[in-house]
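One file, protein35.tsv, carrying TSV, C-alpha atoms and all ligand atoms:
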chain	number	residue	atom	x	y	z
A	1	MET	CA	109.17	83.88	87.20
A	2	ILE	CA	107.04	82.34	89.93
A	3	VAL	CA	107.36	84.33	93.15
A	4	GLY	CA	106.19	83.14	96.57
A	5	ILE	CA	105.37	85.20	99.65
A	6	PRO	CA	105.15	83.01	102.78
A	7	LYS	CA	103.73	84.09	106.13
A	8	GLU	CA	106.51	84.93	108.58
A	9	ILE	CA	106.72	82.46	111.46
A	10	LYS	CA	109.35	84.04	113.68
A	11	ASN	CA	108.06	85.04	117.15
A	12	ASN	CA	105.74	88.06	116.87
A	13	GLU	CA	106.88	88.84	113.35
A	14	SER	CA	103.92	90.53	111.67
A	15	ARG	CA	105.69	92.02	108.68
A	16	VAL	CA	105.25	90.47	105.24
A	17	GLY	CA	107.68	90.35	102.30
A	18	MET	CA	105.47	92.14	99.80
A	19	THR	CA	102.50	94.51	99.79
A	20	PRO	CA	99.63	94.21	97.29
A	21	ALA	CA	101.27	97.13	95.43
A	22	GLY	CA	104.39	94.97	94.95
A	23	VAL	CA	102.30	92.03	93.72
A	24	PHE	CA	100.59	94.36	91.25
A	25	GLU	CA	103.97	95.42	89.79
A	26	LEU	CA	105.21	91.83	89.46
A	27	VAL	CA	101.98	90.65	87.82
A	28	LYS	CA	102.08	93.64	85.46
A	29	ASN	CA	105.52	92.36	84.41
A	30	ASN	CA	104.04	88.93	83.59
A	31	HIS	CA	105.18	87.12	86.73
A	32	LYS	CA	103.04	84.77	88.79
A	33	VAL	CA	102.77	85.50	92.51
A	34	TYR	CA	101.67	83.03	95.21
A	35	VAL	CA	100.84	84.47	98.61
A	36	GLN	CA	100.26	82.28	101.66
A	37	SER	CA	96.81	82.79	103.14
A	38	ASP	CA	96.77	85.56	105.79
A	39	ALA	CA	100.47	86.36	105.20
A	40	GLY	CA	99.77	90.10	105.22
A	41	GLU	CA	97.07	90.22	107.87
A	42	GLY	CA	99.38	91.50	110.61
A	43	SER	CA	100.43	94.39	108.38
A	44	GLY	CA	96.87	95.30	107.42
A	45	PHE	CA	96.84	93.59	104.00
A	46	PHE	CA	94.21	90.89	103.48
A	47	ASN	CA	93.87	87.96	101.07
A	48	GLN	CA	91.31	89.88	99.05
A	49	ASP	CA	93.73	92.81	98.61
A	50	TYR	CA	96.38	90.45	97.24
A	51	GLN	CA	93.87	88.70	94.97
A	52	GLN	CA	92.72	92.04	93.55
A	53	ALA	CA	96.39	92.83	92.82
A	54	GLY	CA	96.66	89.56	90.86
A	55	ALA	CA	98.08	87.07	93.39
A	56	ILE	CA	96.96	83.50	93.91
A	57	ILE	CA	96.39	82.59	97.55
A	58	LEU	CA	97.78	79.25	98.75
A	59	ASP	CA	96.75	77.59	102.02
A	60	THR	CA	100.08	76.40	103.39
A	61	ILE	CA	103.68	77.52	103.67
A	62	GLY	CA	104.72	74.15	102.18
A	63	GLN	CA	102.80	74.92	98.99
A	64	VAL	CA	104.38	78.38	98.67
A	65	TYR	CA	107.93	77.00	98.93
A	66	ALA	CA	107.20	74.00	96.71
A	67	MET	CA	105.63	76.05	93.89
A	68	SER	CA	107.91	79.12	93.74
A	69	GLU	CA	111.21	79.87	92.02
A	70	MET	CA	111.90	82.88	94.24
A	71	ILE	CA	110.80	83.42	97.84
A	72	VAL	CA	110.56	87.03	98.99
A	73	LYS	CA	110.24	87.38	102.74
A	74	VAL	CA	111.40	89.44	105.72
A	75	LYS	CA	113.33	87.44	108.30
A	76	GLU	CA	115.79	84.58	107.97
A	77	PRO	CA	114.20	81.15	107.49
A	78	ILE	CA	113.73	79.46	110.83
A	79	GLU	CA	114.27	75.77	111.52
A	80	GLU	CA	110.81	74.59	110.46
A	81	GLU	CA	111.40	76.20	107.06
A	82	TYR	CA	114.84	74.73	106.30
A	83	ASP	CA	113.62	71.56	104.63
A	84	LEU	CA	111.03	73.42	102.55
A	85	ILE	CA	113.76	75.27	100.67
A	86	GLN	CA	114.54	73.84	97.22
A	87	LYS	CA	117.86	73.45	95.49
A	88	GLY	CA	118.47	76.49	93.26
A	89	GLN	CA	115.55	78.45	94.77
A	90	ILE	CA	116.20	82.17	95.21
A	91	LEU	CA	115.67	83.41	98.77
A	92	PHE	CA	115.50	87.20	99.00
A	93	THR	CA	115.30	88.22	102.67
A	94	TYR	CA	117.33	89.26	105.76
A	95	PHE	CA	119.73	86.47	106.81
A	96	HIS	CA	122.38	87.97	109.17
A	97	PHE	CA	124.44	84.81	108.58
A	98	ALA	CA	127.46	85.93	110.65
A	99	SER	CA	125.36	85.58	113.80
A	100	SER	CA	124.25	81.98	113.14
A	101	GLU	CA	126.43	79.10	112.04
A	102	ALA	CA	123.41	76.77	112.19
A	103	LEU	CA	121.46	78.87	109.69
A	104	THR	CA	124.52	79.20	107.45
A	105	LYS	CA	125.08	75.44	107.40
A	106	ALA	CA	121.39	74.81	106.73
A	107	MET	CA	121.38	77.14	103.72
A	108	ILE	CA	124.59	75.54	102.41
A	109	ARG	CA	122.89	72.15	102.74
A	110	GLN	CA	119.72	73.27	100.93
A	111	LYS	CA	121.80	74.67	98.01
A	112	ALA	CA	119.62	77.77	97.70
A	113	ILE	CA	120.59	81.17	96.23
A	114	CYS	CA	120.65	83.37	99.33
A	115	ILE	CA	120.52	87.09	98.59
A	116	ALA	CA	120.67	89.01	101.87
A	117	TYR	CA	118.90	92.35	102.16
A	118	GLU	CA	121.44	93.53	104.74
A	119	THR	CA	124.48	93.28	102.45
A	120	VAL	CA	123.02	94.86	99.31
A	121	GLU	CA	125.26	97.92	99.09
A	122	ASP	CA	125.19	100.97	96.84
A	123	GLU	CA	128.10	102.93	95.36
A	124	GLU	CA	128.30	105.22	98.42
A	125	GLY	CA	128.73	102.17	100.66
A	126	THR	CA	125.29	102.54	102.27
A	127	LEU	CA	122.90	99.62	102.72
A	128	PRO	CA	119.63	100.59	101.01
A	129	LEU	CA	117.68	97.51	102.14
A	130	LEU	CA	118.80	97.74	105.76
A	131	THR	CA	118.35	101.50	106.16
A	132	PRO	CA	114.57	101.71	106.59
A	133	MET	CA	114.49	98.97	109.23
A	134	SER	CA	117.42	100.59	111.03
A	135	GLU	CA	115.43	103.81	111.01
A	136	VAL	CA	112.52	101.98	112.62
A	137	ALA	CA	114.69	100.11	115.14
A	138	GLY	CA	116.73	103.18	116.06
A	139	ARG	CA	113.58	105.15	116.84
A	140	MET	CA	112.01	102.20	118.66
A	141	ALA	CA	115.13	101.66	120.77
A	142	ILE	CA	114.39	104.83	122.74
A	143	GLN	CA	110.71	103.90	123.21
A	144	GLN	CA	111.72	100.49	124.52
A	145	GLY	CA	114.62	101.83	126.57
A	146	ALA	CA	112.40	104.46	128.21
A	147	LYS	CA	109.89	101.76	129.12
A	148	TYR	CA	112.48	99.41	130.67
A	149	LEU	CA	114.04	102.26	132.68
A	150	GLU	CA	110.85	102.15	134.77
A	151	LYS	CA	111.24	100.68	138.26
A	152	PRO	CA	108.50	98.00	138.09
A	153	VAL	CA	110.47	96.32	135.28
A	154	LYS	CA	113.77	96.63	137.21
A	155	GLY	CA	115.05	99.78	135.50
A	156	ARG	CA	116.74	102.65	137.36
A	157	GLY	CA	113.47	104.54	137.65
A	158	VAL	CA	114.65	107.46	135.55
A	159	LEU	CA	112.38	109.57	133.33
A	160	LEU	CA	114.47	110.32	130.24
A	161	GLY	CA	113.22	113.88	129.82
A	162	GLY	CA	113.59	114.76	133.50
A	163	VAL	CA	111.28	117.48	134.88
A	164	PRO	CA	111.87	121.12	135.87
A	165	GLY	CA	114.34	121.08	138.74
A	166	VAL	CA	115.56	117.52	138.01
A	167	ALA	CA	118.20	116.68	135.39
A	168	PRO	CA	117.18	114.56	132.40
A	169	GLY	CA	118.31	110.95	131.89
A	170	LYS	CA	121.50	110.18	129.97
A	171	VAL	CA	121.59	108.07	126.82
A	172	LEU	CA	124.80	106.59	125.41
A	173	VAL	CA	124.62	105.59	121.75
A	174	LEU	CA	127.28	103.25	120.32
A	175	GLY	CA	127.57	103.84	116.57
A	176	ALA	CA	126.51	106.99	114.69
A	177	GLY	CA	125.06	105.13	111.73
A	178	VAL	CA	121.38	104.89	110.84
A	179	VAL	CA	120.28	103.24	114.11
A	180	GLY	CA	122.47	105.54	116.19
A	181	ILE	CA	121.34	108.79	114.61
A	182	GLN	CA	117.65	107.89	114.76
A	183	ALA	CA	118.02	106.85	118.40
A	184	ALA	CA	119.90	110.06	119.24
A	185	LYS	CA	117.25	112.13	117.53
A	186	MET	CA	114.40	110.50	119.47
A	187	ALA	CA	116.25	110.70	122.79
A	188	ALA	CA	117.13	114.35	122.18
A	189	GLY	CA	113.50	115.03	121.30
A	190	LEU	CA	112.47	113.71	124.72
A	191	GLY	CA	114.96	116.07	126.32
A	192	ALA	CA	117.52	113.44	127.38
A	193	HIS	CA	121.23	114.19	127.42
A	194	VAL	CA	122.82	112.12	124.62
A	195	THR	CA	126.40	111.00	124.04
A	196	ILE	CA	127.03	109.33	120.69
A	197	LEU	CA	130.22	107.45	119.78
A	198	ASP	CA	131.74	106.30	116.51
A	199	ILE	CA	135.16	105.60	115.04
A	200	ASN	CA	134.20	107.33	111.80
A	201	MET	CA	134.99	111.05	112.12
A	202	LYS	CA	132.78	111.90	109.13
A	203	ARG	CA	129.77	110.52	110.98
A	204	LEU	CA	130.69	112.37	114.17
A	205	ARG	CA	131.12	115.64	112.25
A	206	TYR	CA	127.73	115.16	110.63
A	207	VAL	CA	126.05	114.48	113.99
A	208	ASN	CA	127.78	117.48	115.49
A	209	ASP	CA	126.47	119.65	112.64
A	210	VAL	CA	122.82	118.55	112.66
A	211	MET	CA	122.00	117.74	116.29
A	212	PRO	CA	121.13	120.13	119.12
A	213	PRO	CA	123.82	120.95	121.72
A	214	HIS	CA	122.58	118.37	124.23
A	215	VAL	CA	123.75	115.65	121.81
A	216	VAL	CA	127.49	115.31	122.36
A	217	THR	CA	129.90	113.32	120.17
A	218	GLU	CA	132.91	111.39	121.48
A	219	PHE	CA	135.35	109.08	119.74
A	220	SER	CA	134.65	105.39	120.30
A	221	ASN	CA	137.39	103.57	122.19
A	222	GLU	CA	137.52	101.31	125.22
A	223	PHE	CA	138.76	104.06	127.53
A	224	ASN	CA	135.83	106.35	126.72
A	225	ILE	CA	133.28	103.54	126.83
A	226	ARG	CA	134.49	102.38	130.28
A	227	ARG	CA	134.16	105.95	131.56
A	228	LEU	CA	130.77	106.73	130.01
A	229	ILE	CA	128.88	103.57	131.01
A	230	LYS	CA	129.22	104.58	134.69
A	231	THR	CA	127.04	107.66	134.27
A	232	HIS	CA	124.57	106.81	131.51
A	233	ASP	CA	121.11	105.35	132.17
A	234	LEU	CA	120.33	103.90	128.77
A	235	ILE	CA	122.85	102.40	126.33
A	236	ILE	CA	121.94	101.78	122.68
A	237	GLY	CA	124.03	99.35	120.59
A	238	GLY	CA	124.00	100.42	116.93
A	239	VAL	CA	127.42	99.31	115.66
A	240	LEU	CA	127.84	97.47	112.37
A	241	LEU	CA	130.74	95.98	110.44
A	242	LYS	CA	129.03	95.04	107.18
A	243	GLY	CA	128.08	91.37	106.99
A	244	ALA	CA	130.37	90.54	109.94
A	245	LYS	CA	129.90	89.69	113.60
A	246	ALA	CA	129.57	92.94	115.60
A	247	PRO	CA	132.54	93.77	117.86
A	248	ASN	CA	131.98	93.41	121.64
A	249	LEU	CA	132.43	97.00	122.76
A	250	ILE	CA	130.90	96.25	126.16
A	251	THR	CA	132.44	93.24	127.81
A	252	ARG	CA	130.97	91.20	130.66
A	253	ASP	CA	133.20	92.79	133.33
A	254	MET	CA	131.93	96.25	132.41
A	255	LEU	CA	128.41	95.45	133.64
A	256	LYS	CA	129.69	95.70	137.22
A	257	GLU	CA	130.74	99.29	136.50
A	258	MET	CA	127.19	100.29	135.54
A	259	ARG	CA	124.62	101.43	138.07
A	260	PRO	CA	121.87	98.92	138.93
A	261	GLY	CA	118.92	99.34	136.61
A	262	THR	CA	120.96	100.62	133.67
A	263	VAL	CA	119.25	99.48	130.45
A	264	ILE	CA	121.06	98.21	127.34
A	265	VAL	CA	119.10	98.01	124.08
A	266	ASP	CA	121.46	96.13	121.75
A	267	VAL	CA	119.93	96.71	118.34
A	268	ALA	CA	123.00	95.10	116.75
A	269	VAL	CA	121.89	91.75	118.18
A	270	ASP	CA	121.01	90.49	114.70
A	271	GLN	CA	124.74	90.59	113.84
A	272	GLY	CA	125.62	88.96	117.16
A	273	GLY	CA	125.42	92.14	119.28
A	274	CYS	CA	128.02	94.69	120.42
A	275	VAL	CA	127.69	93.66	124.07
A	276	GLU	CA	129.33	90.42	125.20
A	277	THR	CA	126.29	89.40	127.27
A	278	THR	CA	123.79	89.97	124.44
A	279	LYS	CA	121.69	87.01	123.38
A	280	PRO	CA	118.71	87.25	121.04
A	281	THR	CA	115.31	87.69	122.68
A	282	THR	CA	111.76	87.88	121.35
A	283	HIS	CA	108.93	90.40	121.57
A	284	GLU	CA	107.17	87.87	123.82
A	285	ASP	CA	110.05	87.79	126.30
A	286	PRO	CA	112.22	90.79	125.37
A	287	ILE	CA	114.47	91.34	128.41
A	288	TYR	CA	116.76	89.55	130.85
A	289	ILE	CA	118.93	90.86	133.65
A	290	ILE	CA	122.63	90.22	134.31
A	291	ASP	CA	124.46	91.98	137.18
A	292	ASP	CA	121.40	94.23	137.68
A	293	VAL	CA	121.68	95.50	134.09
A	294	VAL	CA	118.53	95.13	131.98
A	295	HIS	CA	119.27	93.72	128.51
A	296	TYR	CA	116.77	94.22	125.66
A	297	SER	CA	117.91	92.42	122.50
A	298	VAL	CA	115.01	91.63	120.21
A	299	ALA	CA	116.38	90.63	116.82
A	300	ASN	CA	113.31	91.74	114.86
A	301	MET	CA	112.32	94.99	116.52
A	302	PRO	CA	110.49	96.40	113.44
A	303	GLY	CA	108.24	93.32	113.47
A	304	ALA	CA	106.31	94.93	116.33
A	305	VAL	CA	105.27	97.91	114.20
A	306	PRO	CA	104.37	96.12	110.96
A	307	TYR	CA	102.05	98.79	109.56
A	308	THR	CA	105.01	101.14	109.32
A	309	SER	CA	107.74	98.58	108.71
A	310	THR	CA	106.22	96.48	105.92
A	311	MET	CA	105.67	99.53	103.77
A	312	ALA	CA	109.07	101.03	104.57
A	313	LEU	CA	110.78	97.72	103.74
A	314	THR	CA	108.90	96.85	100.57
A	315	ASN	CA	109.32	100.39	99.19
A	316	VAL	CA	113.01	99.59	98.86
A	317	THR	CA	113.03	95.83	98.16
A	318	LEU	CA	110.53	95.83	95.29
A	319	PRO	CA	112.78	97.31	92.58
A	320	TYR	CA	115.37	94.60	93.32
A	321	ALA	CA	112.77	91.81	93.50
A	322	LEU	CA	111.47	92.98	90.14
A	323	LYS	CA	114.97	92.93	88.66
A	324	LEU	CA	115.54	89.39	89.97
A	325	ALA	CA	112.23	88.23	88.54
A	326	ASN	CA	112.73	89.92	85.18
A	327	LEU	CA	116.32	88.83	84.56
A	328	GLY	CA	116.95	85.82	86.81
A	329	TRP	CA	119.52	86.06	89.62
A	330	GLU	CA	122.65	85.60	87.54
A	331	ALA	CA	121.94	88.31	84.98
A	332	ALA	CA	120.40	90.63	87.59
A	333	CYS	CA	123.47	90.38	89.86
A	334	ALA	CA	125.86	90.70	86.92
A	335	LYS	CA	124.12	93.89	85.84
A	336	ASP	CA	123.58	95.46	89.25
A	337	THR	CA	126.66	95.72	91.45
A	338	SER	CA	124.57	96.67	94.53
A	339	LEU	CA	122.48	93.52	94.23
A	340	ASN	CA	125.58	91.46	93.55
A	341	LYS	CA	126.84	92.40	97.02
A	342	GLY	CA	123.70	90.78	98.43
A	343	LEU	CA	124.83	87.34	97.26
A	344	ASN	CA	125.83	85.43	100.42
A	345	ILE	CA	125.42	81.74	99.55
A	346	VAL	CA	125.13	80.33	96.05
A	347	GLU	CA	124.16	76.70	95.55
A	348	GLY	CA	126.00	75.46	98.63
A	349	LYS	CA	128.94	77.89	98.50
A	350	VAL	CA	129.46	80.84	100.84
A	351	VAL	CA	130.50	83.77	98.65
A	352	TYR	CA	130.61	86.54	101.29
A	353	GLN	CA	134.03	86.67	102.95
A	354	GLU	CA	132.91	88.14	106.32
A	355	ILE	CA	130.70	85.12	106.95
A	356	ILE	CA	133.61	82.75	106.50
A	357	GLU	CA	135.68	84.89	108.88
A	358	ALA	CA	132.90	85.06	111.48
A	359	PHE	CA	133.07	81.30	111.99
A	360	GLY	CA	136.84	81.01	111.66
A	361	TRP	CA	136.41	78.78	108.65
A	362	GLU	CA	139.57	78.42	106.59
A	363	GLU	CA	137.98	78.77	103.22
A	364	VAL	CA	134.71	78.88	101.39
A	365	VAL	CA	132.72	75.88	102.58
A	366	ALA	CA	131.00	73.90	99.85
B	401	LIG	N1	117.38	94.28	116.10
B	401	LIG	C1	116.71	94.70	115.05
B	401	LIG	O1	115.52	94.51	114.93
B	401	LIG	C2	117.41	95.47	113.99
B	401	LIG	C3	118.77	95.50	113.97
B	401	LIG	N2	119.46	96.26	113.05
B	401	LIG	C4	120.93	96.22	113.15
B	401	LIG	O2	121.46	97.39	113.74
B	401	LIG	C5	122.85	97.45	113.41
B	401	LIG	C6	123.23	98.85	112.96
B	401	LIG	O3	122.69	99.10	111.69
B	401	LIG	P1	122.86	100.51	110.93
B	401	LIG	O4	122.73	101.62	111.87
B	401	LIG	O5	121.98	100.47	109.74
B	401	LIG	O6	124.38	100.41	110.45
B	401	LIG	P2	125.29	101.60	109.89
B	401	LIG	O7	126.30	100.97	109.01
B	401	LIG	O8	124.46	102.72	109.37
B	401	LIG	O9	126.00	102.15	111.21
B	401	LIG	C7	126.93	101.43	111.94
B	401	LIG	C8	127.92	102.42	112.55
B	401	LIG	O10	128.78	101.68	113.44
B	401	LIG	C9	130.00	102.37	113.41
B	401	LIG	N3	131.05	101.60	114.06
B	401	LIG	C10	131.80	100.58	113.59
B	401	LIG	N4	132.67	100.17	114.53
B	401	LIG	C11	132.48	100.95	115.61
B	401	LIG	C12	133.07	101.02	116.90
B	401	LIG	N5	134.07	100.23	117.26
B	401	LIG	N6	132.60	101.95	117.77
B	401	LIG	C13	131.59	102.78	117.43
B	401	LIG	N7	130.99	102.76	116.22
B	401	LIG	C14	131.45	101.87	115.33
B	401	LIG	C15	130.23	102.62	111.93
B	401	LIG	O11	131.24	103.59	111.70
B	401	LIG	C16	128.85	103.09	111.51
B	401	LIG	O12	128.70	104.50	111.57
B	401	LIG	C17	123.06	96.36	112.33
B	401	LIG	O13	123.58	95.20	112.93
B	401	LIG	C18	121.66	96.10	111.84
B	401	LIG	O14	121.51	94.83	111.26
B	401	LIG	C19	118.81	97.02	112.12
B	401	LIG	C20	117.44	97.00	112.07
B	401	LIG	C21	116.63	96.20	112.97
B	402	LIG	C1	117.10	94.29	109.94
B	402	LIG	C2	116.39	93.34	110.77
B	402	LIG	O1	116.98	92.48	111.37
B	402	LIG	C3	114.96	93.43	110.87
B	402	LIG	O2	114.38	94.35	110.30
B	402	LIG	O3	114.34	92.58	111.52
B	403	MG	MG	126.17	96.50	138.52

For this file, produce the structure as C-alpha cells.
Amino acid sequence: MIVGIPKEIKNNESRVGMTPAGVFELVKNNHKVYVQSDAGEGSGFFNQDYQQAGAIILDTIGQVYAMSEMIVKVKEPIEEEYDLIQKGQILFTYFHFASSEALTKAMIRQKAICIAYETVEDEEGTLPLLTPMSEVAGRMAIQQGAKYLEKPVKGRGVLLGGVPGVAPGKVLVLGAGVVGIQAAKMAAGLGAHVTILDINMKRLRYVNDVMPPHVVTEFSNEFNIRRLIKTHDLIIGGVLLKGAKAPNLITRDMLKEMRPGTVIVDVAVDQGGCVETTKPTTHEDPIYIIDDVVHYSVANMPGAVPYTSTMALTNVTLPYALKLANLGWEAACAKDTSLNKGLNIVEGKVVYQEIIEAFGWEEVVA
C-alpha cells in the first residue's frame, strides 16, 4: 500500500502521524511511504531520519494526499484539507466527529474511509489509541490549571500545594477515567486536595484503593457537582461517552456559584466538552473568561508536548496502521474487532451510531 504522512496544520500542532521507526516497519513490509517535508520537525524527527528509514519526502501536502492510498495523521482534517481527500482513501487519525457536524458532512462528501483513533476499542472496552493522549492531557491539565490559577492571568491566586500554615488548593475532577486519574495523580503529587467524581463505581473503588487519602471520591450527580464547585479552585473535565457528545455536567448558571478566578480545564472539549460554556480554543489563545471563571479548552493539548506525545501515540497506532496496510481496510476490520470499532464513515455513510445521535439525524446519512 502507499501510505502518506502529511504535516499537521492545526494551530500549534507539532505532533506527526508516524515516527521514522514506524516508516521502517512499513517499508520492511513492502509498503511505500511518502512523508511531507518537515512533517516531523516539531517532534524532533527530520527529513533525513525519515529518508534513512526508507521514506520518500514530498514537498507539499497536496502531493501527499494525491499520491497515497492511506493517510496516517494525528488530528482531524481541517478545512484546507477537505478537498485534498480522495474518494475511497483511508484516513487513520483522530476525528471526534460528534463535536463537529461540519467535519462530518465534509468527510461524507469526500467519500473517504474514516477510521477514528478515539473509537478503536478492545475487548475490555478500553480505547487503546486514545489512552496515551489522555494520559498526556490529564497530566498537562494540572500544569495548565496551576498556571491559570495565578492572579496575573485572572485566576484566584491560589498555589495548589499551599505552604506550611496555609491550606492547599482544591481540585475537582469530573470523570475517573484515564484523564481523570492522571490529573488526580498530578494534583495529589503537588499536595492539592482532590475530589474525583464518576458514575462508575468500579472506577471510584479503584481510585479509592490506589490514591492517597487526600484524594476523595464522590458519586457524580448534579446535586454533588452544584455543592462542590463552590469550594474548589480548579475543575478538570475528563468525562467521556464513547464516540458521543459529552454531557454538560456544568451548566451556564453554575458559573455564578463559583468563586471569581476559579479555573476550568475542560479536557473533554474534543467531544464537545462537559461544561455548557466550553468552546474549543488553541494553544495560541488558550483561555477565555465568562462570569469571572477562567475557561481553558484546548482541543489538542498533547500537541504542545510533541516529543513525548508523538512517540506515545505512534507506539500504539503503528500495529493497526500496519494491519491496514498489509490487509486493506475491509479485511483488516473484518479480522480485528477493535479496529472495526474505529470505522466511523465509510464511502459517504456514517456507520457509528453515536455520531448520528449527536446531530439528531434520523438515520445514517449517505
Ligand atoms: N483536549 C485534548 O487535547 C484531549 C482530550 N481528550 C478527551 O478527554 C476525554 C476523556 O478521555 P478518557 O479519560 O480517555 O476517557 P475514559 O473513557 O477513560 O474516561 C471517561 C470517564 O467518564 C466517566 N463518566 C461518564 N459519564 C459521567 C458522568 N456523568 N459523571 C462523571 N463521570 C462520568 C466514565 O465512567 C469514565 O470513567 C475524551 O473526550 C477524550 O477525547 C483526550 C486526550 C487529549
Ligand atoms: C485525543 C486528542 O484529541 C488529541 O490527542 O489531540
Ligand atoms: Mg462567579

Contacts of chain A with ligand LIG 401 (chain B) up to 8 Å, shortest pair per row, only C-alpha atoms and all ligand atoms, as CSV:
residue,atom,partner,partner_atom,distance
A:His96,CA,B:LIG401,O14,7.2
A:Glu118,CA,B:LIG401,O14,6.6
A:Thr126,CA,B:LIG401,O7,7.0
A:Leu127,CA,B:LIG401,O5,7.1
A:Leu130,CA,B:LIG401,O5,5.8
A:Thr131,CA,B:LIG401,O5,5.2
A:Pro132,CA,B:LIG401,C20,7.8
A:Met133,CA,B:LIG401,C20,4.5
A:Ser134,CA,B:LIG401,C20,3.7
A:Glu135,CA,B:LIG401,C20,7.2
A:Val136,CA,B:LIG401,C20,7.0
A:Ala137,CA,B:LIG401,C21,4.9
A:Gly138,CA,B:LIG401,C20,7.4
A:Leu174,CA,B:LIG401,C13,5.2
A:Gly175,CA,B:LIG401,N7,3.6
A:Ala176,CA,B:LIG401,O12,4.6
A:Gly177,CA,B:LIG401,O9,3.2
A:Val178,CA,B:LIG401,O4,3.7
A:Val179,CA,B:LIG401,O4,3.7
A:Gly180,CA,B:LIG401,O4,5.8
A:Ile181,CA,B:LIG401,O4,7.8
A:Leu197,CA,B:LIG401,C13,5.4
A:Asp198,CA,B:LIG401,N7,3.6
A:Ile199,CA,B:LIG401,C13,5.1
A:Asn200,CA,B:LIG401,O11,4.8
A:Arg203,CA,B:LIG401,O12,6.1
A:Phe219,CA,B:LIG401,C13,7.7
A:Ser220,CA,B:LIG401,N6,4.7
A:Asn221,CA,B:LIG401,N6,6.7
A:Gly237,CA,B:LIG401,C5,7.5
A:Gly238,CA,B:LIG401,C6,4.3
A:Val239,CA,B:LIG401,O10,3.5
A:Leu240,CA,B:LIG401,C7,4.1
A:Leu241,CA,B:LIG401,C10,5.7
A:Lys242,CA,B:LIG401,O7,6.8
A:Ala246,CA,B:LIG401,O13,6.9
A:Pro247,CA,B:LIG401,N5,6.7
A:Leu249,CA,B:LIG401,N5,6.6
A:Asp266,CA,B:LIG401,N1,7.2
A:Val267,CA,B:LIG401,N1,4.2
A:Ala268,CA,B:LIG401,O13,3.9
A:Val269,CA,B:LIG401,N1,5.6
A:Asp270,CA,B:LIG401,N1,5.4
A:Gln271,CA,B:LIG401,O13,4.8
A:Gly272,CA,B:LIG401,O13,7.8
A:Gly273,CA,B:LIG401,O13,7.3
A:Ser297,CA,B:LIG401,N1,6.7
A:Val298,CA,B:LIG401,N1,5.4
A:Ala299,CA,B:LIG401,N1,3.9
A:Asn300,CA,B:LIG401,O1,3.5
A:Met301,CA,B:LIG401,O1,3.6
A:Pro302,CA,B:LIG401,O1,5.6
A:Gly303,CA,B:LIG401,O1,7.5

Could you give me, as CSV, every chain A residue with an atom at most 6 Å from ligand MG 403 (chain B), plus its closest atom pair and distance in Å to one decimal, counting only C-alpha atoms and all ligand atoms, rows ordered by chain then number?
residue,atom,partner,partner_atom,distance
A:Leu255,CA,B:MG403,MG,5.5
A:Lys256,CA,B:MG403,MG,3.8
A:Glu257,CA,B:MG403,MG,5.7
A:Met258,CA,B:MG403,MG,4.9
A:Arg259,CA,B:MG403,MG,5.2
A:Pro260,CA,B:MG403,MG,5.0
A:Asp291,CA,B:MG403,MG,5.0
A:Asp292,CA,B:MG403,MG,5.3

Using the selection just defined, write its residues with C-alpha atoms as a short mmCIF file (atom, residue, chain, number, x, y, z; two decimals), keeping the file's coordinate frame.
data_model
loop_
_atom_site.label_atom_id
_atom_site.label_comp_id
_atom_site.auth_asym_id
_atom_site.auth_seq_id
_atom_site.Cartn_x
_atom_site.Cartn_y
_atom_site.Cartn_z
CA LEU A 255 128.41 95.45 133.64
CA LYS A 256 129.69 95.70 137.22
CA GLU A 257 130.74 99.29 136.50
CA MET A 258 127.19 100.29 135.54
CA ARG A 259 124.62 101.43 138.07
CA PRO A 260 121.87 98.92 138.93
CA ASP A 291 124.46 91.98 137.18
CA ASP A 292 121.40 94.23 137.68
#

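Counting all atoms listed in the file and comparing A:Asn326, A:Asn47, A:Ser37, A:Ser14, the residue that lies closest to ligand LIG 402 (chain B) is A:Ser14.
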
Around ligand LIG 402 (chain B), with edges along x, y and z and 8 Å added on all six sides, what centre and edge lengths do you get, in Å to one decimal, as AutoDock Vina command-line options?
--center_x 115.7 --center_y 93.4 --center_z 110.7 --size_x 18.8 --size_y 17.9 --size_z 17.6

Legend entry - All residues 9 Å or closer to Val120 (chain A), only C-alpha atoms, same chain fewer than 6 positions away omitted, as an MDAnalysis selection string: chainID A and resid 126:130 337:343

Just the selected residues (C-alpha atoms), exported as a CSV table (one decimal), in the coordinates of the input, please.
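The resulting result.csv:
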chain,number,residue,atom,x,y,z
A,126,THR,CA,125.3,102.5,102.3
A,127,LEU,CA,122.9,99.6,102.7
A,128,PRO,CA,119.6,100.6,101.0
A,129,LEU,CA,117.7,97.5,102.1
A,130,LEU,CA,118.8,97.7,105.8
A,337,THR,CA,126.7,95.7,91.4
A,338,SER,CA,124.6,96.7,94.5
A,339,LEU,CA,122.5,93.5,94.2
A,340,ASN,CA,125.6,91.5,93.6
A,341,LYS,CA,126.8,92.4,97.0
A,342,GLY,CA,123.7,90.8,98.4
A,343,LEU,CA,124.8,87.3,97.3

Inset, instruction - Pick out the residues sitting within 6 Å of Val173 (chain A), and hand them over as a list in words; count all atoms listed in the file, and ignore anything fewer than 4 positions along from it in its own chain. - result: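 Contacts, with the query itself left out: Gly180, Ile196, Ile235 and Ile236 of chain A.
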
Inset, instruction - For CA of Val74 (chain A) and CA of Leu324 (chain A), determine how far apart the two atoms are, in Å to one decimal place. - result: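 Computed distance, CA of Val74 (chain A) to CA of Leu324 (chain A), equals 16.3 Å.
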
Legend entry - Interatomic distance, CA of Gln353 (chain A) to CA of Lys279 (chain A) (Å, one decimal):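 A separation of 23.9 Å between them.
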
If we count all atoms listed in the file and set the cut-off at 7 Å, which residues sit around Ile250 (chain A), ignoring sequence neighbours fewer than 6 positions away in its own chain? Please answer as a CSV table (one decimal) with C-alpha atoms, in the coordinates of the input.
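Now in selection_24.csv:
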chain,number,residue,atom,x,y,z
A,274,CYS,CA,128.0,94.7,120.4
A,275,VAL,CA,127.7,93.7,124.1
A,276,GLU,CA,129.3,90.4,125.2

Inset, instruction - Give as a PyMOL selection string each residue that has an atom at most 10 Å from (124.6, 73.3, 104.2) in the file, counting all atoms listed in the file. - result: chain A and resi 101-112+345+347-350+365-366

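When CA of His232 (chain A) is paired with CA of Asp209 (chain A), their separation reads 22.9 Å.
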
Legend entry - Minimum-distance residue to Val215 (chain A), chosen among A:Lys87, A:Arg252, A:Arg227, A:Lys185 (using all atoms listed in the file): A:Lys185
